[in-house]
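This report refers to the structure that appears directly beneath it.
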Amino acid sequence: MKVLMFGWEFPPHISGGLGTACYGLVQGMNFHNQEVIFVVPKLWGDEEPVADFVNASTVSIDYRERRFKKLWKNLTYIEVNSYLVPYLGPKEFKKYTSSVLQGSTDMQESVFSNSFEFSGKYGKNLMEEVARYALVGAQIARDRQDFDIIHAHDWLAYPAGIAAKEISGKPLVVHVHATEYDRSGESVNFPVFEIERAGMHAADHVVAVSQLTKNICVRKYGIPAEKVSVLHNAVLDASIITSAYQKKVPEKIVTFLGRITFQKGPEYFVEAAKKVIDRDPNVRFVMAGSGDLLTKMVDRVAELRIGTKFHFTGFLKGDDVDHMYAISDVYVMPSVSEPFGIAPLEAVRHNTPVIISKQSGVAEVLNNAIKIDFWDVDAMADAIFGLLHYESMARMFKELGGDELKKLKWEHVAAKLVTVYEKILAQRT
Amino acid sequence: MRTVCFYFQVHQPFRIKPYRFFDIGEDHHYWNDYLNRLVIRKVAQKCYLPMNSLLLELIEKHGSKFKVAFSISGMFLDQIEAYAPEVLESFQRLVATGQVELLNETYSHSLASLKSKDEFVSLVKKHQQRIQHLFQGYTPKVFRNTELIYSDQIGKMVAELGYDGMLTEGAKHILGWKSPNYVYSNSLAPEFKVLLKNFRLSDDIAFRFGDNTWGDFPLTTSKFVSWLNALPKEEPVVNLFMDYETFGEHQWAETGIFEFMKYLPEEIFSNSNFTFSTPSEVLASLSPVSSIHVPTPISWADEERDLTAWLGNDMQDEAFDRLYELEKQVRSTCDPELIRDWEYLQTSDHFYYICTKFFSDGSVHEYFSPYDTPYDAFINYMNVLSDFILRVKQAHESRATTLTKA
C-alpha cells in the first residue's frame with residue numbers, strides 16, 4: 001500500500017509534538033513495508049530519508065487547471081484575510097496583527113503565484129500558507145497517481161488532504177493530534193474550528209490520538225463515533241536514560257515542564273505547590289518553559305510568598321531538558337486538555353515518577369502514574385506529598401514504568417493504521 | 001453419608017475516607033461513614049435481608065435437614081449494629097434456629113496471622129467475645145482465617161487455641177492429585193482437621209452463575225446436582241465456600257440466583273444421597289484421610305491462590321510493615337480509641353486496594369475497590385497511617401509526662 005501523507009513539520013525541524021509523532025508513524029509504516037509519500041511545506045535537506053519526501057515549496061501550481069479554481073472557491077471556509085495565529089497569546093497576537101495590518105497583500109494573488117516559499121512555521125501568514133498548501137495537495141494528487149490513500153495530519157494539512165481527495169477521488173484519513181478545544185478551551189478560534197470540522201467531515205475515516213480526543217471529535221465536531229478510531233501515540237526510544245548530572249540542592253524537586261499556556265494548566269501546579277510547601281519546607285518547585293501565562297505565574301508565586309521555593313527556568317532545550325528530568329523527584333503534567341502528551345513518557349525514561357491529569361490522552365496508556373483531575377489541587381498536592389514521602393511508590397514506578405514504555409511501539413500503531421486503511425479501501429470496492 | 005457443607009463469608013470493611021496530607025495531625029476520624037453506611041444499606045436490601053429470609057424459609061421448610069455456616073467479621077457486626085440493626089436481628093433469628101453455625105475469625109478481618117501471634121490471638125478472642133455478646137453466648141468451635149489464609153504454622157497456632165478445625169482453599173498447587181472432598185489434617189498438629197473448599201463447584205455458583213458466556217450457562221439445580229452425583233462415590237464431603245454477597249450482589253437477583261438456592265435443597269434431597277452439614281458436624285463425623293502440607297500460606301484469592309492480592313508489591317509491603325511496627329506501642333497505650341483505629345486499619349481490604357496485579361487480574365479487584373488506582377489507595381492509607389503514628393507517639397509522650405509529674 002502507498003500512502004500520500006500531508007504533515008506540517010518533520011524532525012529535526014520541529015516546534016511541537018506533531019513532527020515527532022509523524023516521524024514515529026512513518027518509521028512504523030516502514031517496519032511493515034508500507035510506502036509513504038510525505039509532503040511537508042518546507043524541506044530543509046537534513047531530514048532522515050525515511051519516506052519519499054515532497055517539498056511543497058518546490059511544487060509549482062498549474063493555474064490553468066480549471067479544477068483548481070473551482071477548488072479554491074470551495075475552500076471558502078479558510079478565511080484568507082484573518083489574522084489568525086495559533087499558539088500565541090493575546091499580547092503577542094496584538095504585536096503581529098498590527099504589523100500585518102500595515103503590510104497586507106492580496107492573498108489570492110500570492111497563493112496562486114508560480115512559486116511560493118513556505119515558512120513551515122506557525123507564524124503570521126499561517127492561513128495563507130494553509131491555503132497554498134491545499135493547492136499543492138491538489139497539484140500533487142493530479143501529478144501522481146501512485147498512491148492508494150491520503151492521510152492528513154492536523155488541521156493545517158486538512159485542506160491539502162481534502163483537495164487531494166477531490167482531485168484524485170482516493171479516500172482520505174484525517175489524523176487528529178489536537179483540536180482547537182485543546183488549545184483554546186471553549187474560546188475557540190472559529191476559522192480553525194471550521195477547517196477542523198470540514199476536514200473531519202470530508203474524511204472517510206478519522207484517527208484520534210486518544211479516547212479523550214475521539215470524544216471531542218464526536219461531541220464537538222459531530223462526527224459519528226464509528227467513523228473515529230483511537231490510535232495512541234508511541235515512543236521512538238523506550239530505553240532508560242541514566243544521567244550523571246547531579247542536583248545541587250538538598251531538597252526534593254518537583255517539576256512542571258512544558259509551555260506555560262492555558263492548555264497546560266500551570267496555575268494548578270502553582271496552587272498545589274503552595275499547599276505542599278506549607279506542610280513540608282524541604283521541597284523545591286520548578287516551572288520550566290515559557291508561554292503567555294509566564295508573567296502571571298511569576299506574579300502568583302510572589303503573591304503566595306513562596307518565591308524562595310518556587311523557581312522559573314525559562315525555555316529549556318537540549319541537555320538542559322534531560323538534566324531537568326534527571327534531578328526531578330516528581331514530574332507533574334496538570335494539563336487542562338491534552339490530546340496525548342508525550343512528555344510524561346520522557347520523565348518515565350528518566351525514572352522520574354509522574355503525576356498526570358485525567359484530562360490527558362497519555363493517562364489512557366500509562367498505568368504507573370498517579371492520575372488526578374487538573375482542577376483538583378488538593379489531590380495534586382496530596383499525590384506530590386505521597387510520592388516524596390512514601391518511598392515504595394516511587395520505587396514501584398521505576399520498576400514498572402520502564403516495562404510499560406517498551407510496549408508503546410510505533411510499529412504497533414502502524415499495524416493498527418494499516419487495518420484502518422484496509423477497512424476503508426474494502427468499503428470502497 | 002455424603003454431604004454438602006455451605007459456608008458463607010460475611011464481611012464489609014470500614015473504608016477510609018479521602019484523607020489528604022493536610023489532614024495529618026488535625027483530623028483523627030478516618031472512616032468514610034457516608035460510603036460505609038451506603039454500602040451496608042444497599043447490600044442489605046439486595047442481599048443480606050432477602051437471603052437471610054430465604055435461608056430462614058428453607059430451614060422452616062426442611063427442618064433439621066438443611067443447615068449452613070457463616071463467618072461474620074467484627075467489622076461487619078459493628079457496621080450492621082450501627083447502620084442496619086434489622087440485618088443483625090435477622091442473623092440472630094437464623095442462629096437461634098440452631099441450624100446455623102457461626103465460625104470464628106479475627107475481629108477486624110486482619111492479616112495478623114502472617115505477622116504477629118499476639119495480635120492474632122487478641123483479635124480472635126475479641127471476635128469470639130463479640131459473637132458471644134450478640135448471639136446469646138454462642139461460642140464458635142471452628143475457625144476460618146481472613147481470606148481463607150492457611151499454612152502449616154497458622155493451622156498449628158489455631159490448633160493451640162483449642163478449635164476443632166479450620167477452613168481453607170482447596171488450592172490446586174497444594175492438593176496436586178488429591179481431592180478437596182475429604183477431611184485432612186494439619187501436618188504439624190495431626191489432631192487438627194482442615195476442610196478444603198471445592199473451588200470448582202463453589203465458583204460455579206459464586207462467579208460463573210450469571211455469566212452467559214460460560215459454556216454451562218444457565219446453571220440449573222438439576223445440572224448442579226448431576227455434577228454432585230458425578231463425583232467419585234467414595235468422596236464424602238463437598239465444601240461450598242463463598243462470599244455471602246454472591247446472592248443478590250455479585251450475582252444479581254435477575255440472574256435467578258435466589259431461585260437457584262430456593263430449590264437446590266429440594267433437588268438434592270430428591271435426586272441424590274447428599275445431605276447438608278455444618279463444618280463442625282463434618283469434622284465430628286469424618287476422620288482425616290491424610291495430612292496436608294502447606295509450608296507457604298495459601299488463600300482463596302485470584303488465580304494464584306496465594307497472598308499476592310494483599311502483600312508483595314513495594315507499596316503493600318511498606319504499608320504493612322509500617323503498620324505492624326506499631327503493635328507494641330499501640331497495645332501498651334490501652335487507649336480504646338487508638339486500639340479501635342489500630343484494629344480497623346488492619347483489615348485486609350486496605351491492602352487489597354493497593355494491589356497492582358489489578359492491571360492484569362483486573363476486573364475483580366476493580367469491582368471491589370473504592371479507589372481509581374492502587375496508587376490512590378496507597379497514598380490515602382499512608383496519610384492516615386502517618387496521622388495514626390503521630391497519635392500513638394503523642395499518647396506515649398503524654399503518658400510519660402503524667403508519670404514524671406506523679
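Chains: A, B, ... in order of the C-alpha cells. Residues: from 1 per chain. Ligands: from 1, in order shown.
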
(message) Excluding A:Val26 and its own-chain neighbours fewer than 5 positions away, which residues fall within 9 Å of it when counting only C-alpha atoms? Please give them as a PyMOL selection string.
(response) chain A and resi 21+31+34-36+38+50-51+410+414

Take the selection from the previous step and output its residues with C-alpha atoms, as a short mmCIF file (atom, residue, chain, number, x, y, z; two decimals), in the first residue's frame.
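Printed below is part_38.cif as written:
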data_model
loop_
_atom_site.label_atom_id
_atom_site.label_comp_id
_atom_site.auth_asym_id
_atom_site.auth_seq_id
_atom_site.Cartn_x
_atom_site.Cartn_y
_atom_site.Cartn_z
CA ALA A 21 4.62 11.74 16.02
CA PHE A 31 8.58 -1.56 9.57
CA GLN A 34 4.27 0.25 3.62
CA GLU A 35 5.32 3.08 1.35
CA VAL A 36 4.79 6.67 2.39
CA PHE A 38 5.39 12.53 2.89
CA VAL A 50 12.57 7.51 5.84
CA ALA A 51 9.95 8.45 3.26
CA TRP A 410 5.20 2.81 16.68
CA ALA A 414 1.27 1.49 12.23
#

Give me the residues of chain A that have any atom at most 8 Å from an atom of chain B; for each, the nearest atom pair and the distance in Å, rounded to one decimal. Use only C-alpha atoms, sort by chain and number, and format it as a Markdown table.
| residue | atom | partner | partner_atom | distance |
| --- | --- | --- | --- | --- |
| A:Arg279 | CA | B:Phe22 | CA | 7.1 |
| A:Asn367 | CA | B:Phe359 | CA | 7.7 |
| A:Ala369 | CA | B:Tyr375 | CA | 7.9 |
| A:Ile370 | CA | B:Tyr375 | CA | 6.4 |
| A:Asp378 | CA | B:Arg20 | CA | 7.3 |
| A:Ala379 | CA | B:Arg20 | CA | 7.4 |
| A:Asp382 | CA | B:Phe21 | CA | 5.7 |
| A:Ala383 | CA | B:Ile379 | CA | 7.0 |
| A:Phe385 | CA | B:Phe21 | CA | 7.1 |
| A:Gly386 | CA | B:Ile379 | CA | 5.5 |
| A:Tyr390 | CA | B:Met382 | CA | 7.3 |
| A:Ser392 | CA | B:Met315 | CA | 5.1 |
| A:Met393 | CA | B:Met315 | CA | 5.7 |
| A:Arg395 | CA | B:Asp314 | CA | 7.4 |
| A:Met396 | CA | B:Asp314 | CA | 6.4 |

(message) When you look at stretch 253-258 of chain A with a cut-off of 8 Å (counting only C-alpha atoms), what residues show up, excluding the ones that are within fewer than 5 positions of it in the same chain? I need them as JSON, numbers by chain.
(response) {"A": [264, 266, 269, 283, 284, 285, 286, 287, 288, 289, 290, 324, 325, 327, 328, 329, 330, 331, 332, 333, 384]}

Written selection (C-alpha atoms) as a PDB file, in the first residue's frame:
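Output file result_6.pdb follows:
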ATOM      1  CA  LYS A 264      -1.043  23.041  30.185  1.00  0.00           C
ATOM      2  CA  PRO A 266       0.352  25.832  35.067  1.00  0.00           C
ATOM      3  CA  PHE A 269       0.685  23.490  39.698  1.00  0.00           C
ATOM      4  CA  VAL A 283      10.721  20.728  48.695  1.00  0.00           C
ATOM      5  CA  ARG A 284      11.508  22.943  45.724  1.00  0.00           C
ATOM      6  CA  PHE A 285       9.233  23.508  42.783  1.00  0.00           C
ATOM      7  CA  VAL A 286      10.442  24.250  39.275  1.00  0.00           C
ATOM      8  CA  MET A 287       8.431  25.583  36.360  1.00  0.00           C
ATOM      9  CA  ALA A 288      10.424  25.087  33.178  1.00  0.00           C
ATOM     10  CA  GLY A 289       9.250  26.539  29.902  1.00  0.00           C
ATOM     11  CA  SER A 290       7.803  29.729  28.570  1.00  0.00           C
ATOM     12  CA  MET A 324      15.865  18.821  34.486  1.00  0.00           C
ATOM     13  CA  TYR A 325      14.192  15.424  34.246  1.00  0.00           C
ATOM     14  CA  ILE A 327      17.152  15.929  39.011  1.00  0.00           C
ATOM     15  CA  SER A 328      13.381  15.843  39.422  1.00  0.00           C
ATOM     16  CA  ASP A 329      11.856  13.691  42.134  1.00  0.00           C
ATOM     17  CA  VAL A 330       8.363  14.173  40.761  1.00  0.00           C
ATOM     18  CA  TYR A 331       7.165  15.336  37.343  1.00  0.00           C
ATOM     19  CA  VAL A 332       3.706  16.889  37.110  1.00  0.00           C
ATOM     20  CA  MET A 333       1.655  17.418  33.958  1.00  0.00           C
ATOM     21  CA  ILE A 384       3.172  15.090  45.321  1.00  0.00           C
TER      22      ILE A 384
END

(message) Using DSSP assignments from the backbone, pull out every residue in stretch 119-339 of chain B that falls under strand (DSSP E or B) and give it to me as a PyMOL selection string.
(response) chain B and resi 142-144+150+165-169+183-186+193-197+237-243+247-248+251-252+274-276+290-292+298

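Taking atom CA of A:Ile306 and atom CA of A:Pro250 as endpoints, the distance between them is 17.5 Å.
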
(request) Please identify all polymer residues within 9 Å of stretch 100-102 of chain B, counting only C-alpha atoms, omitting same-chain residues fewer than 2 positions from it, and present them as number ranges by chain. (result) B: 7, 67-72, 94-98, 104, 131, 138-142, 278-280

(message) Could you check the closest approach to A:Asp403 for each of A:Met5, A:Val249, A:Ile240, A:Leu135 and tell me which residue wins, using only C-alpha atoms?
(response) A:Ile240

(request) Go ahead and compute the interatomic distance for atom CA of A:Gly199 and atom CA of A:Val39, in Å to one decimal. (result)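 That distance, rounded to one decimal, is 17.2 Å.
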
(message) Can you pull out the residues contacting B:Val183? Cut-off 10 Å, using only C-alpha atoms, and skip same-chain residues under 4 positions away; I want them as number ranges by chain.
(response) B: 165, 179, 193-196, 235-237, 282-283, 285-292

The selected residues should be written to file as a compact mmCIF listing (two decimals), in the first residue's frame (atoms: N, CA and C atoms).
# COMPACT_ATOMS: atom_id res chain seq x y z
N GLY B 165 -11.15 -27.41 64.16
CA GLY B 165 -10.59 -27.46 62.81
C GLY B 165 -10.69 -26.11 62.16
N SER B 179 -7.95 -34.92 46.22
CA SER B 179 -9.27 -34.31 46.08
C SER B 179 -9.57 -33.44 47.28
N LYS B 193 -7.97 -30.70 62.28
CA LYS B 193 -8.52 -31.03 60.97
C LYS B 193 -8.70 -29.80 60.07
N VAL B 194 -8.60 -30.07 58.79
CA VAL B 194 -8.69 -28.99 57.81
C VAL B 194 -9.74 -29.34 56.75
N LEU B 195 -10.64 -28.40 56.49
CA LEU B 195 -11.65 -28.57 55.43
C LEU B 195 -11.25 -27.73 54.23
N LEU B 196 -11.32 -28.33 53.05
CA LEU B 196 -10.87 -27.63 51.86
C LEU B 196 -12.04 -27.27 50.95
N GLU B 235 -15.96 -40.07 47.81
CA GLU B 235 -15.64 -38.76 48.37
C GLU B 235 -16.79 -38.25 49.22
N PRO B 236 -16.54 -38.00 50.50
CA PRO B 236 -17.65 -37.83 51.42
C PRO B 236 -18.22 -36.40 51.53
N VAL B 237 -17.41 -35.36 51.24
CA VAL B 237 -17.91 -34.03 51.56
C VAL B 237 -17.55 -33.03 50.46
N VAL B 282 -19.21 -31.99 60.05
CA VAL B 282 -18.32 -32.72 59.15
C VAL B 282 -17.08 -33.16 59.92
N LEU B 283 -16.51 -32.23 60.71
CA LEU B 283 -15.29 -32.54 61.45
C LEU B 283 -15.53 -33.65 62.46
N SER B 285 -17.80 -36.06 62.23
CA SER B 285 -18.18 -37.37 61.69
C SER B 285 -17.12 -37.99 60.80
N LEU B 286 -16.19 -37.20 60.29
CA LEU B 286 -15.21 -37.78 59.36
C LEU B 286 -13.81 -37.72 59.93
N SER B 287 -13.03 -38.78 59.65
CA SER B 287 -11.63 -38.73 60.08
C SER B 287 -10.77 -38.30 58.90
N PRO B 288 -9.66 -37.68 59.22
CA PRO B 288 -8.77 -37.22 58.15
C PRO B 288 -8.22 -38.40 57.34
N VAL B 289 -8.12 -38.22 56.02
CA VAL B 289 -7.53 -39.27 55.20
C VAL B 289 -6.01 -39.17 55.15
N SER B 290 -5.51 -37.95 55.34
CA SER B 290 -4.05 -37.79 55.38
C SER B 290 -3.77 -36.38 55.85
N SER B 291 -2.50 -36.07 56.04
CA SER B 291 -2.19 -34.69 56.40
C SER B 291 -1.90 -33.91 55.12
N ILE B 292 -2.02 -32.60 55.25
CA ILE B 292 -1.79 -31.76 54.07
C ILE B 292 -0.65 -30.79 54.38

(message) Would you pick out the contacts of A:Glu364 at 9 Å or less, using only C-alpha atoms, so that residues sharing its chain but fewer than 3 positions from it are not included, and give the list as an MDAnalysis selection string?
(response) chainID A and resid 210:212 232 340 358 360:361 367

(message) Which residues are close to A:Trp44, i.e. within 12 Å by only C-alpha atoms, leaving aside same-chain residues fewer than 4 positions away? Reply as a PyMOL selection string.
(response) chain A and resi 9-14+40+48-49+53-58+118-120

(request) Name the residues of stretch 63-278 of chain B that fall into alpha helix (DSSP H) according to DSSP on the backbone, using the chain letters and numbers of this document, as an MDAnalysis selection string. (result) chainID B and resid 74:83 85:96 117:134 152:160 172:175 199:206 221:230 257:271

(request) Between atom CA of B:Phe274 and atom CA of B:Pro50, measure the distance and give it in Å to one decimal. (result) 25.8 Å

(request) Can you work out which one of B:Asp118, B:Glu245, B:Glu57, B:Asp152 has the shortest atom-to-atom distance to B:Thr296, counting only C-alpha atoms? (result)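 When distances to B:Thr296 are compared using only C-alpha atoms, the smallest one comes from B:Asp152.
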